[in-house]
Amino acid sequence: MHYSDIETALASHGLLARGAFAADAEDGLGDAARCLVMVGNVGSGLWRFFADQRRDEPDAMNRWSRRVIDPIAERFAARAIYPFDGPPWFPFQRWAQRAEPVYPSPIGMLIHPDYGLWHAYRGALVFDRAVEGLPRPDDRPSPCEICADKPCLVTCPVNAFSGERYDVPTCADHLSTPEGADCMALGCRARRSCPAGQDTDYLPEQAAFHMTAFLGSR
């Protein structure tokens, strides 16, 4: 089995193989686990597939992810795991930083040199054997290191981001008011201000979907 085969299978649903690494005992995946391949999306690639196939159900994107990824896992004799399974929760952010060059940004989201803040992880495939053709380690630094202005920290209309913490209640309260309509319709204003990955930002309807889901979870 080759990594490129996994990439092809995921791409048919608007998903990407987002790097991989050799699993170890600390990952809590069992003694047989040998390799973990991260599965995620970038920009609006996933949205076009999801929008055509979504069902009127709670947690629509999470359930769609299962319907898509589970058969791919079965095809490659892997085990599918998800960031929304828990508690206990799998450490997807820590795994992501082992699999590809992503780093905590000043507003908490992981940032990628090419994709900026416009990406996410939908699951992972766990293999009990080696996978051929894994991508080479990418050690590019965080784009935040060369960003002097840090617009993400000064753009939020209610100053929910300090660089050290995210004031979730203040953010949610703002989104519930007419003044929060811009963020609700187009996505977090602080996120949109980041200069990295501007060409991979979400479509408005995609951003609105995620903002509505976030507010509904509060």
# chains A, B, ... in the order shown; residues from 1 in each chain; ligands from 1
call {"tool": "closest_atom_pairs", "arguments": {"of": "segment 50-107 of chain A", "to": "segment 116-125 of chain A", "cutoff": "6 Å", "atoms": "only C-alpha atoms", "output": "JSON lines"}}
result
{"residue": "A:Ala78", "atom": "CA", "partner": "A:Leu125", "partner_atom": "CA", "distance": 5.9}
{"residue": "A:Arg79", "atom": "CA", "partner": "A:Leu125", "partner_atom": "CA", "distance": 5.6}
{"residue": "A:Ala80", "atom": "CA", "partner": "A:Leu125", "partner_atom": "CA", "distance": 4.8}
{"residue": "A:Ile81", "atom": "CA", "partner": "A:Ala124", "partner_atom": "CA", "distance": 5.4}
{"residue": "A:Tyr82", "atom": "CA", "partner": "A:Gly123", "partner_atom": "CA", "distance": 4.3}
call {"tool": "residues_around", "arguments": {"residues": "segment 193-197 of chain A", "least_positions_apart": "4", "cutoff": "8 Å", "atoms": "only C-alpha atoms", "output": "VMD selection string"}}
result
chain A and resid 112 to 118 143 150 to 152 155 189 201
call {"tool": "residues_around", "arguments": {"residues": "segment 56-64 of chain A", "least_positions_apart": "5", "cutoff": "10 Å", "atoms": "only C-alpha atoms", "output": "ChimeraX atom specification"}}
result
/A:47,49-51,69,82-85,122-123,209-210,213
call {"tool": "write_last_selection", "arguments": {"atoms": "N, CA, C and O atoms", "output": "CSV table (one decimal), in the first residue's frame"}}
result
chain,number,residue,atom,x,y,z
A,47,TRP,N,-16.0,21.5,1.1
A,47,TRP,CA,-17.3,22.0,1.2
A,47,TRP,C,-18.2,21.6,0.0
A,47,TRP,O,-19.4,21.3,0.2
A,49,PHE,N,-18.3,19.0,-1.8
A,49,PHE,CA,-18.7,17.6,-1.7
A,49,PHE,C,-19.7,17.5,-0.5
A,49,PHE,O,-20.8,16.9,-0.7
A,50,PHE,N,-19.4,18.1,0.6
A,50,PHE,CA,-20.3,18.1,1.7
A,50,PHE,C,-21.7,18.7,1.4
A,50,PHE,O,-22.7,18.2,1.8
A,51,ALA,N,-21.6,19.9,0.8
A,51,ALA,CA,-22.9,20.6,0.5
A,51,ALA,C,-23.8,19.8,-0.4
A,51,ALA,O,-25.0,19.8,-0.2
A,69,ILE,N,-15.1,8.6,5.5
A,69,ILE,CA,-13.8,8.1,5.9
A,69,ILE,C,-13.9,6.6,6.3
A,69,ILE,O,-12.9,5.8,6.1
A,82,TYR,N,-11.5,9.8,15.1
A,82,TYR,CA,-12.0,11.1,14.8
A,82,TYR,C,-11.8,12.1,16.0
A,82,TYR,O,-11.8,11.6,17.2
A,83,PRO,N,-11.6,13.4,15.7
A,83,PRO,CA,-11.3,14.3,16.8
A,83,PRO,C,-12.6,14.6,17.6
A,83,PRO,O,-12.5,15.1,18.7
A,84,PHE,N,-13.7,14.2,17.1
A,84,PHE,CA,-15.0,14.5,17.9
A,84,PHE,C,-15.4,13.2,18.7
A,84,PHE,O,-16.5,13.2,19.3
A,85,ASP,N,-14.6,12.2,18.7
A,85,ASP,CA,-14.9,11.0,19.5
A,85,ASP,C,-14.3,11.2,20.9
A,85,ASP,O,-13.1,11.5,21.1
A,122,ARG,N,-10.3,16.2,9.9
A,122,ARG,CA,-11.6,15.5,10.0
A,122,ARG,C,-11.5,14.1,10.6
A,122,ARG,O,-12.4,13.5,11.0
A,123,GLY,N,-10.3,13.5,10.6
A,123,GLY,CA,-10.1,12.2,11.2
A,123,GLY,C,-8.6,11.7,11.0
A,123,GLY,O,-7.7,12.5,10.6
A,209,PHE,N,-21.6,28.2,8.1
A,209,PHE,CA,-21.9,26.9,8.7
A,209,PHE,C,-21.1,26.7,10.0
A,209,PHE,O,-21.7,26.3,11.0
A,210,HIS,N,-19.8,26.9,9.9
A,210,HIS,CA,-19.0,26.6,11.1
A,210,HIS,C,-19.2,27.6,12.2
A,210,HIS,O,-19.2,27.2,13.4
A,213,ALA,N,-22.4,26.5,13.9
A,213,ALA,CA,-22.1,25.3,14.7
A,213,ALA,C,-21.4,25.6,16.0
A,213,ALA,O,-21.7,25.1,17.1
call {"tool": "atom_distance", "arguments": {"atom1": "atom CA of Ile72 of chain A", "atom2": "atom CA of Trp95 of chain A"}}
result
20.2 Å
call {"tool": "residues_around", "arguments": {"residues": "segment 10-23 of chain A", "least_positions_apart": "2", "cutoff": "9 Å", "atoms": "only C-alpha atoms", "output": "PyMOL selection string"}}
result
chain A and resi 3-8+25-29+33-42+44-50+68-69+72+95-96+98-100+121-122+124+126-127+130+134-137
call {"tool": "select_by_dssp", "arguments": {"residues": "chain A", "states": "strand (DSSP E)", "output": "ChimeraX atom specification"}}
result
/A:16-22,35-42,79-81,103-104,110-111,119-127
call {"tool": "decode", "arguments": {"residues": "segment 22-160 of chain A", "atoms": "C-alpha atoms", "output": "PDB file, in the first residue's frame"}}
result
ATOM      1  CA  ALA A  22       5.094   6.272  12.973  1.00  0.00           C
ATOM      2  CA  ALA A  23       2.841   5.594  15.952  1.00  0.00           C
ATOM      3  CA  ASP A  24       4.326   4.835  19.361  1.00  0.00           C
ATOM      4  CA  ALA A  25       3.079   3.628  22.722  1.00  0.00           C
ATOM      5  CA  GLU A  26       2.378   7.166  23.973  1.00  0.00           C
ATOM      6  CA  ASP A  27      -0.247   7.682  21.270  1.00  0.00           C
ATOM      7  CA  GLY A  28      -2.601   5.275  23.033  1.00  0.00           C
ATOM      8  CA  LEU A  29      -3.600   3.499  19.824  1.00  0.00           C
ATOM      9  CA  GLY A  30      -2.697  -0.021  20.892  1.00  0.00           C
ATOM     10  CA  ASP A  31       0.421  -2.125  20.513  1.00  0.00           C
ATOM     11  CA  ALA A  32      -0.372  -3.063  16.907  1.00  0.00           C
ATOM     12  CA  ALA A  33      -0.491   0.518  15.612  1.00  0.00           C
ATOM     13  CA  ARG A  34       2.425   1.285  13.295  1.00  0.00           C
ATOM     14  CA  CYS A  35       1.454   4.332  11.245  1.00  0.00           C
ATOM     15  CA  LEU A  36      -1.067   7.169  11.530  1.00  0.00           C
ATOM     16  CA  VAL A  37      -2.183   9.203   8.490  1.00  0.00           C
ATOM     17  CA  MET A  38      -3.943  12.470   9.226  1.00  0.00           C
ATOM     18  CA  VAL A  39      -7.076  13.270   7.216  1.00  0.00           C
ATOM     19  CA  GLY A  40      -8.302  16.804   6.733  1.00  0.00           C
ATOM     20  CA  ASN A  41      -9.422  19.579   4.454  1.00  0.00           C
ATOM     21  CA  VAL A  42      -8.037  22.819   3.098  1.00  0.00           C
ATOM     22  CA  GLY A  43     -10.018  25.825   1.941  1.00  0.00           C
ATOM     23  CA  SER A  44     -13.311  25.081   0.204  1.00  0.00           C
ATOM     24  CA  GLY A  45     -12.284  21.716  -1.275  1.00  0.00           C
ATOM     25  CA  LEU A  46     -14.365  19.666   1.159  1.00  0.00           C
ATOM     26  CA  TRP A  47     -17.321  22.012   1.175  1.00  0.00           C
ATOM     27  CA  ARG A  48     -18.468  21.358  -2.374  1.00  0.00           C
ATOM     28  CA  PHE A  49     -18.722  17.632  -1.669  1.00  0.00           C
ATOM     29  CA  PHE A  50     -20.318  18.058   1.743  1.00  0.00           C
ATOM     30  CA  ALA A  51     -22.882  20.588   0.501  1.00  0.00           C
ATOM     31  CA  ASP A  52     -24.079  18.134  -2.172  1.00  0.00           C
ATOM     32  CA  GLN A  53     -24.274  15.174   0.205  1.00  0.00           C
ATOM     33  CA  ARG A  54     -25.229  16.669   3.566  1.00  0.00           C
ATOM     34  CA  ARG A  55     -28.276  15.428   5.426  1.00  0.00           C
ATOM     35  CA  ASP A  56     -30.611  17.312   7.714  1.00  0.00           C
ATOM     36  CA  GLU A  57     -29.221  15.901  10.945  1.00  0.00           C
ATOM     37  CA  PRO A  58     -27.382  17.032  14.073  1.00  0.00           C
ATOM     38  CA  ASP A  59     -23.589  17.243  13.776  1.00  0.00           C
ATOM     39  CA  ALA A  60     -23.989  17.038  10.025  1.00  0.00           C
ATOM     40  CA  MET A  61     -20.322  17.434   9.082  1.00  0.00           C
ATOM     41  CA  ASN A  62     -19.079  14.989  11.688  1.00  0.00           C
ATOM     42  CA  ARG A  63     -21.556  12.371  10.527  1.00  0.00           C
ATOM     43  CA  TRP A  64     -20.710  13.021   6.886  1.00  0.00           C
ATOM     44  CA  SER A  65     -17.031  12.559   7.767  1.00  0.00           C
ATOM     45  CA  ARG A  66     -17.772   9.121   9.220  1.00  0.00           C
ATOM     46  CA  ARG A  67     -19.786   8.098   6.172  1.00  0.00           C
ATOM     47  CA  VAL A  68     -16.904   9.066   3.898  1.00  0.00           C
ATOM     48  CA  ILE A  69     -13.831   8.051   5.905  1.00  0.00           C
ATOM     49  CA  ASP A  70     -15.031   4.767   7.396  1.00  0.00           C
ATOM     50  CA  PRO A  71     -15.290   3.031   3.983  1.00  0.00           C
ATOM     51  CA  ILE A  72     -11.846   4.312   3.015  1.00  0.00           C
ATOM     52  CA  ALA A  73     -10.430   2.900   6.241  1.00  0.00           C
ATOM     53  CA  GLU A  74     -12.085  -0.439   5.506  1.00  0.00           C
ATOM     54  CA  ARG A  75     -10.707  -0.428   1.959  1.00  0.00           C
ATOM     55  CA  PHE A  76      -7.147  -0.035   3.220  1.00  0.00           C
ATOM     56  CA  ALA A  77      -7.556  -2.311   6.270  1.00  0.00           C
ATOM     57  CA  ALA A  78      -7.063   0.646   8.604  1.00  0.00           C
ATOM     58  CA  ARG A  79      -8.938   1.950  11.641  1.00  0.00           C
ATOM     59  CA  ALA A  80     -10.631   5.346  11.418  1.00  0.00           C
ATOM     60  CA  ILE A  81     -10.565   7.637  14.454  1.00  0.00           C
ATOM     61  CA  TYR A  82     -12.019  11.114  14.844  1.00  0.00           C
ATOM     62  CA  PRO A  83     -11.329  14.319  16.780  1.00  0.00           C
ATOM     63  CA  PHE A  84     -14.982  14.463  17.862  1.00  0.00           C
ATOM     64  CA  ASP A  85     -14.896  11.004  19.493  1.00  0.00           C
ATOM     65  CA  GLY A  86     -14.680  11.296  23.242  1.00  0.00           C
ATOM     66  CA  PRO A  87     -14.127  11.748  26.025  1.00  0.00           C
ATOM     67  CA  PRO A  88     -11.388  10.763  26.203  1.00  0.00           C
ATOM     68  CA  TRP A  89     -10.344  12.869  23.231  1.00  0.00           C
ATOM     69  CA  PHE A  90      -7.562  11.944  20.871  1.00  0.00           C
ATOM     70  CA  PRO A  91      -4.738  14.559  20.763  1.00  0.00           C
ATOM     71  CA  PHE A  92      -5.298  15.608  17.158  1.00  0.00           C
ATOM     72  CA  GLN A  93      -3.536  18.951  17.471  1.00  0.00           C
ATOM     73  CA  ARG A  94      -0.414  17.314  18.858  1.00  0.00           C
ATOM     74  CA  TRP A  95      -0.536  14.668  16.147  1.00  0.00           C
ATOM     75  CA  ALA A  96      -0.980  17.326  13.461  1.00  0.00           C
ATOM     76  CA  GLN A  97       2.242  19.004  14.563  1.00  0.00           C
ATOM     77  CA  ARG A  98       4.074  15.693  14.152  1.00  0.00           C
ATOM     78  CA  ALA A  99       2.601  15.085  10.706  1.00  0.00           C
ATOM     79  CA  GLU A 100       3.098  18.438   8.940  1.00  0.00           C
ATOM     80  CA  PRO A 101       4.338  22.000   9.542  1.00  0.00           C
ATOM     81  CA  VAL A 102       1.515  23.454  11.618  1.00  0.00           C
ATOM     82  CA  TYR A 103       1.998  25.623  14.692  1.00  0.00           C
ATOM     83  CA  PRO A 104      -0.170  27.301  17.330  1.00  0.00           C
ATOM     84  CA  SER A 105      -1.109  30.781  16.147  1.00  0.00           C
ATOM     85  CA  PRO A 106      -1.680  33.797  18.439  1.00  0.00           C
ATOM     86  CA  ILE A 107      -5.434  33.105  18.272  1.00  0.00           C
ATOM     87  CA  GLY A 108      -5.018  29.430  19.136  1.00  0.00           C
ATOM     88  CA  MET A 109      -5.770  27.765  15.794  1.00  0.00           C
ATOM     89  CA  LEU A 110      -2.999  25.820  14.111  1.00  0.00           C
ATOM     90  CA  ILE A 111      -1.443  27.761  11.249  1.00  0.00           C
ATOM     91  CA  HIS A 112       0.165  26.276   8.128  1.00  0.00           C
ATOM     92  CA  PRO A 113       2.743  28.050   5.904  1.00  0.00           C
ATOM     93  CA  ASP A 114       0.586  27.541   2.788  1.00  0.00           C
ATOM     94  CA  TYR A 115      -2.958  27.249   4.120  1.00  0.00           C
ATOM     95  CA  GLY A 116      -2.810  29.795   6.896  1.00  0.00           C
ATOM     96  CA  LEU A 117      -5.745  29.232   9.239  1.00  0.00           C
ATOM     97  CA  TRP A 118      -8.059  27.827   6.550  1.00  0.00           C
ATOM     98  CA  HIS A 119      -7.784  24.110   7.195  1.00  0.00           C
ATOM     99  CA  ALA A 120      -9.029  21.462   9.596  1.00  0.00           C
ATOM    100  CA  TYR A 121      -8.640  17.812  10.542  1.00  0.00           C
ATOM    101  CA  ARG A 122     -11.588  15.489  10.013  1.00  0.00           C
ATOM    102  CA  GLY A 123     -10.065  12.202  11.157  1.00  0.00           C
ATOM    103  CA  ALA A 124      -7.089   9.867  10.980  1.00  0.00           C
ATOM    104  CA  LEU A 125      -6.321   6.421   9.627  1.00  0.00           C
ATOM    105  CA  VAL A 126      -4.420   4.029  11.896  1.00  0.00           C
ATOM    106  CA  PHE A 127      -2.482   1.201  10.236  1.00  0.00           C
ATOM    107  CA  ASP A 128      -0.969  -1.888  11.832  1.00  0.00           C
ATOM    108  CA  ARG A 129       1.674  -2.003   9.106  1.00  0.00           C
ATOM    109  CA  ALA A 130       4.020   0.382   7.335  1.00  0.00           C
ATOM    110  CA  VAL A 131       2.743   2.682   4.586  1.00  0.00           C
ATOM    111  CA  GLU A 132       5.058   3.233   1.629  1.00  0.00           C
ATOM    112  CA  GLY A 133       5.842   6.628   0.144  1.00  0.00           C
ATOM    113  CA  LEU A 134       5.231   8.762   3.215  1.00  0.00           C
ATOM    114  CA  PRO A 135       5.996  12.452   2.604  1.00  0.00           C
ATOM    115  CA  ARG A 136       9.344  13.747   3.754  1.00  0.00           C
ATOM    116  CA  PRO A 137       9.416  15.826   6.937  1.00  0.00           C
ATOM    117  CA  ASP A 138       8.612  19.479   6.253  1.00  0.00           C
ATOM    118  CA  ASP A 139      10.370  21.765   8.716  1.00  0.00           C
ATOM    119  CA  ARG A 140       9.249  25.127   7.369  1.00  0.00           C
ATOM    120  CA  PRO A 141       8.716  27.600  10.239  1.00  0.00           C
ATOM    121  CA  SER A 142       5.461  29.180  11.303  1.00  0.00           C
ATOM    122  CA  PRO A 143       4.418  32.186   9.200  1.00  0.00           C
ATOM    123  CA  CYS A 144       3.717  33.946  12.499  1.00  0.00           C
ATOM    124  CA  GLU A 145       7.478  34.243  13.040  1.00  0.00           C
ATOM    125  CA  ILE A 146       7.780  36.819  10.253  1.00  0.00           C
ATOM    126  CA  CYS A 147       4.451  38.559  10.874  1.00  0.00           C
ATOM    127  CA  ALA A 148       5.305  41.779  12.661  1.00  0.00           C
ATOM    128  CA  ASP A 149       1.865  43.395  12.763  1.00  0.00           C
ATOM    129  CA  LYS A 150      -0.116  40.419  14.150  1.00  0.00           C
ATOM    130  CA  PRO A 151      -3.452  41.741  12.786  1.00  0.00           C
ATOM    131  CA  CYS A 152      -5.223  38.719  14.287  1.00  0.00           C
ATOM    132  CA  LEU A 153      -4.721  40.213  17.762  1.00  0.00           C
ATOM    133  CA  VAL A 154      -6.125  43.674  17.018  1.00  0.00           C
ATOM    134  CA  THR A 155      -8.986  42.968  14.609  1.00  0.00           C
ATOM    135  CA  CYS A 156     -11.511  41.270  16.876  1.00  0.00           C
ATOM    136  CA  PRO A 157     -14.241  43.853  17.682  1.00  0.00           C
ATOM    137  CA  VAL A 158     -14.523  42.616  21.279  1.00  0.00           C
ATOM    138  CA  ASN A 159     -10.822  41.870  21.874  1.00  0.00           C
ATOM    139  CA  ALA A 160     -11.451  38.179  22.507  1.00  0.00           C
TER     140      ALA A 160
END
